[in-house]
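Asker: Starting off with a structure, shown below.
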Amino acid sequence: MAVLQVNAFFKKAAPAPAKKAAPAKKASPFKKAAPAPKKAAPAKKVAPKKVAPKVAPKKTVVRKAAPVRKSSGKRGDGVDLSKWYGPNRRLYLPAGLLDINTDVPSYLDGSLAGDYGFDPLQLGKDGKVEQYRAAEVIHARWAMLAIPGIVIPEALGIPGGVWTETGKVFLDGEAGRPEILQNPYLFAAIQIGLFAAVEGYRAGKAPAPDGFVPFKGKFSGSDFSGLDPINPGGPLDFFNVAATPDDLAVLKVKEIKNGRLAMIAMLGVFVQGLTTGEGPAANWGKHVADPFGYNFVTISAIERTPVL
């Protein structure tokens, strides 16, 4: 019994026969294939909550005042002021012919517009150069107004347009206007009153009245206090043409040069009127029609009978 147990202990156990796998069943062609399992839909991402953007507080913009333009010696269009003012300005003779220290009066120091050092009669030696300048500017402005006032009415053929006949036409009642509008005494009284008022305001003898000007609006008479009586600017500078000191300096030169030319033109109108008895428009028309037959030489020539 013990021997059998020992043999059984050492005897290898025979492996159990492997079971054959059952053959796979063929799918029936008549059976529908089972549908493939649906894929799970991807989880929707949760959109982050929109956070309202922070509004930056508005900053109060403080505008700085525009800087005051300083005089640079040159105007915006490149004009050099040293040509018209100061010791190196242009003189009435070409450079090199005059010595500014000996030939030019000391009171003409180049501070005035249009100062070419010309004063052969030494009128400014008495120290009244500023007063003479004021008178010159006023006469220059009247001459610049008078030239178009003489030429245009004559060229248009207006009755009384020829300046040598204006007074006669009005006195004779031939102006073709209502009697009250051609009364010379009435117009003389009106002109004297207006001139007296304007000169009183300009000289400061009467306070300037309030008024209205284009592009500026209303102004007060006190706006002219402290301004130059010859070139006040302010409310009278409608288009701001003298916005800077340089602009004003150049415009003063241009004004006095054109004014002097107008005064010479007025002198020519007077001489022509006395010589020909006609106005400048008629003289000019005849000269253009026959330049060589109607000119200063032919008009002033004296007819002489040849003597043997």
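So you can find residues: chains in the structure tokens are A, B, ... in the order shown, residues in each start at 1, and ligands are numbered from 1 in order.
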Write out as a VMD selection string the residues lying within 12 Å of Gly204 (chain A), counting only C-alpha atoms and excluding same-chain residues fewer than 6 positions away.

Answerer: chain A and resid 197 to 198 221 to 222 224 to 230

Asker: Would you mind exporting N, CA, C and O atoms of the selected residues as a JSON list (two decimals), in the first residue's frame?

Answerer:
```json
[["chain", "number", "residue", "atom", "x", "y", "z"],
["A", 197, "ALA", "N", -14.96, 164.20, -37.79],
["A", 197, "ALA", "CA", -15.17, 163.09, -36.85],
["A", 197, "ALA", "C", -14.04, 162.07, -36.94],
["A", 197, "ALA", "O", -13.49, 161.62, -35.92],
["A", 198, "VAL", "N", -13.66, 161.72, -38.17],
["A", 198, "VAL", "CA", -12.61, 160.71, -38.35],
["A", 198, "VAL", "C", -11.29, 161.21, -37.78],
["A", 198, "VAL", "O", -10.57, 160.47, -37.07],
["A", 221, "GLY", "N", -15.13, 150.76, -28.61],
["A", 221, "GLY", "CA", -14.17, 151.84, -28.85],
["A", 221, "GLY", "C", -12.94, 151.72, -27.98],
["A", 221, "GLY", "O", -11.85, 152.19, -28.35],
["A", 222, "SER", "N", -13.09, 151.07, -26.83],
["A", 222, "SER", "CA", -11.93, 150.90, -25.95],
["A", 222, "SER", "C", -10.91, 149.90, -26.51],
["A", 222, "SER", "O", -9.79, 149.82, -25.99],
["A", 224, "PHE", "N", -9.33, 150.15, -29.12],
["A", 224, "PHE", "CA", -8.27, 150.87, -29.81],
["A", 224, "PHE", "C", -7.34, 151.60, -28.85],
["A", 224, "PHE", "O", -6.37, 152.22, -29.30],
["A", 225, "SER", "N", -7.64, 151.55, -27.58],
["A", 225, "SER", "CA", -6.79, 152.26, -26.62],
["A", 225, "SER", "C", -5.42, 151.61, -26.56],
["A", 225, "SER", "O", -5.28, 150.39, -26.46],
["A", 226, "GLY", "N", -4.39, 152.43, -26.63],
["A", 226, "GLY", "CA", -3.03, 151.93, -26.57],
["A", 226, "GLY", "C", -2.47, 151.43, -27.89],
["A", 226, "GLY", "O", -1.31, 151.03, -27.95],
["A", 227, "LEU", "N", -3.26, 151.47, -28.98],
["A", 227, "LEU", "CA", -2.78, 151.01, -30.28],
["A", 227, "LEU", "C", -2.15, 152.16, -31.06],
["A", 227, "LEU", "O", -2.39, 153.33, -30.77],
["A", 228, "ASP", "N", -1.37, 151.81, -32.06],
["A", 228, "ASP", "CA", -0.73, 152.81, -32.90],
["A", 228, "ASP", "C", -1.80, 153.55, -33.70],
["A", 228, "ASP", "O", -2.60, 152.93, -34.41],
["A", 229, "PRO", "N", -1.88, 154.87, -33.61],
["A", 229, "PRO", "CA", -2.94, 155.59, -34.33],
["A", 229, "PRO", "C", -2.79, 155.51, -35.85],
["A", 229, "PRO", "O", -3.77, 155.71, -36.57],
["A", 230, "ILE", "N", -1.60, 155.23, -36.35],
["A", 230, "ILE", "CA", -1.39, 155.12, -37.79],
["A", 230, "ILE", "C", -1.66, 153.70, -38.28],
["A", 230, "ILE", "O", -2.25, 153.48, -39.34]]
```

Asker: Which polymer residues have any atom within 6 Å of an atom of region 274-285 of chain A, counting only C-alpha atoms, with same-chain residues fewer than 5 positions away left out, as an MDAnalysis selection string?

Answerer: chainID A and resid 151 155 162

Asker: Do you know which residues are at most 12 Å from Asp103 (chain A) counting only C-alpha atoms, after dropping those on the same chain fewer than 3 positions away, and could you put them as a PyMOL selection string?

Answerer: chain A and resi 91-93+96-100+106-108+116-120+122

Asker: CA of Arg141 (chain A) and CA of Lys257 (chain A), how far apart in Å?

Answerer: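 Interatomic distance here is 10.9 Å.
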
Asker: Residues at most 12 Å from Phe296 (chain A), counting only C-alpha atoms, excluding those fewer than 4 positions away in the same chain, as a PyMOL selection string?

Answerer: chain A and resi 268+271-272+275-276+283-284+286-287+291-292+300-302

Asker: Which neighbours of Gly114 (chain A) fall inside 8 Å, counting only C-alpha atoms, when residues of the same chain fewer than 5 positions from it are skipped, and could you give them as a list in words?

Answerer: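 The filter keeps Trp84, Lys252, Val253, Ile256 and Lys257 of chain A.
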
Asker: Restricting it to C-alpha atoms, dump the selection as a tab-separated table (two decimals), in the first residue's frame.

Answerer:
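Output file result_32.tsv follows:
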```tsv
chain	number	residue	atom	x	y	z
A	84	TRP	CA	14.27	147.37	-45.19
A	252	LYS	CA	4.29	148.78	-43.66
A	253	VAL	CA	7.04	148.77	-46.27
A	256	ILE	CA	4.50	153.25	-48.04
A	257	LYS	CA	6.07	152.19	-51.35
```

Asker: Taking the backbone alone, and naming residues the way the document does, which bits of region 149-241 of chain A are helix (DSSP H, G or I) by DSSP, as a PyMOL selection string?

Answerer: chain A and resi 149-156+166-171+179-182+184-203+221-224+234-236

Asker: Counting only C-alpha atoms, figure out which residue out of A:Ala135, A:Met144, A:Ala196, A:Ala289 gets nearest to Leu261 (chain A).

Answerer: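 Answer, going by the shortest atom-to-atom distance: A:Met144.
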
Asker: Please give the complete set of residues from region 96-290 of chain A that DSSP, run on the backbone, assigns to strand (DSSP E), formatted as a PyMOL selection string.

Answerer: chain A and resi 211-213+217-219

Asker: Please, what distance in Å, to one decimal, runs between CA of Pro153 (chain A) and CA of Leu251 (chain A)?

Answerer: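 Going from CA of Pro153 (chain A) over to CA of Leu251 (chain A) covers 28.8 Å.
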
Asker: What gap, in Å, lies between CA of Val250 (chain A) and CA of Lys83 (chain A)?

Answerer: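 Interatomic distance, CA of Val250 (chain A) to CA of Lys83 (chain A): 10.4 Å.
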
Asker: Using only C-alpha atoms, determine which residues lie at most 10 Å from Leu171 (chain A), disregarding the query and same-chain residues fewer than 6 positions distant; provide the list as number ranges by chain.

Answerer: A: 165, 182-185
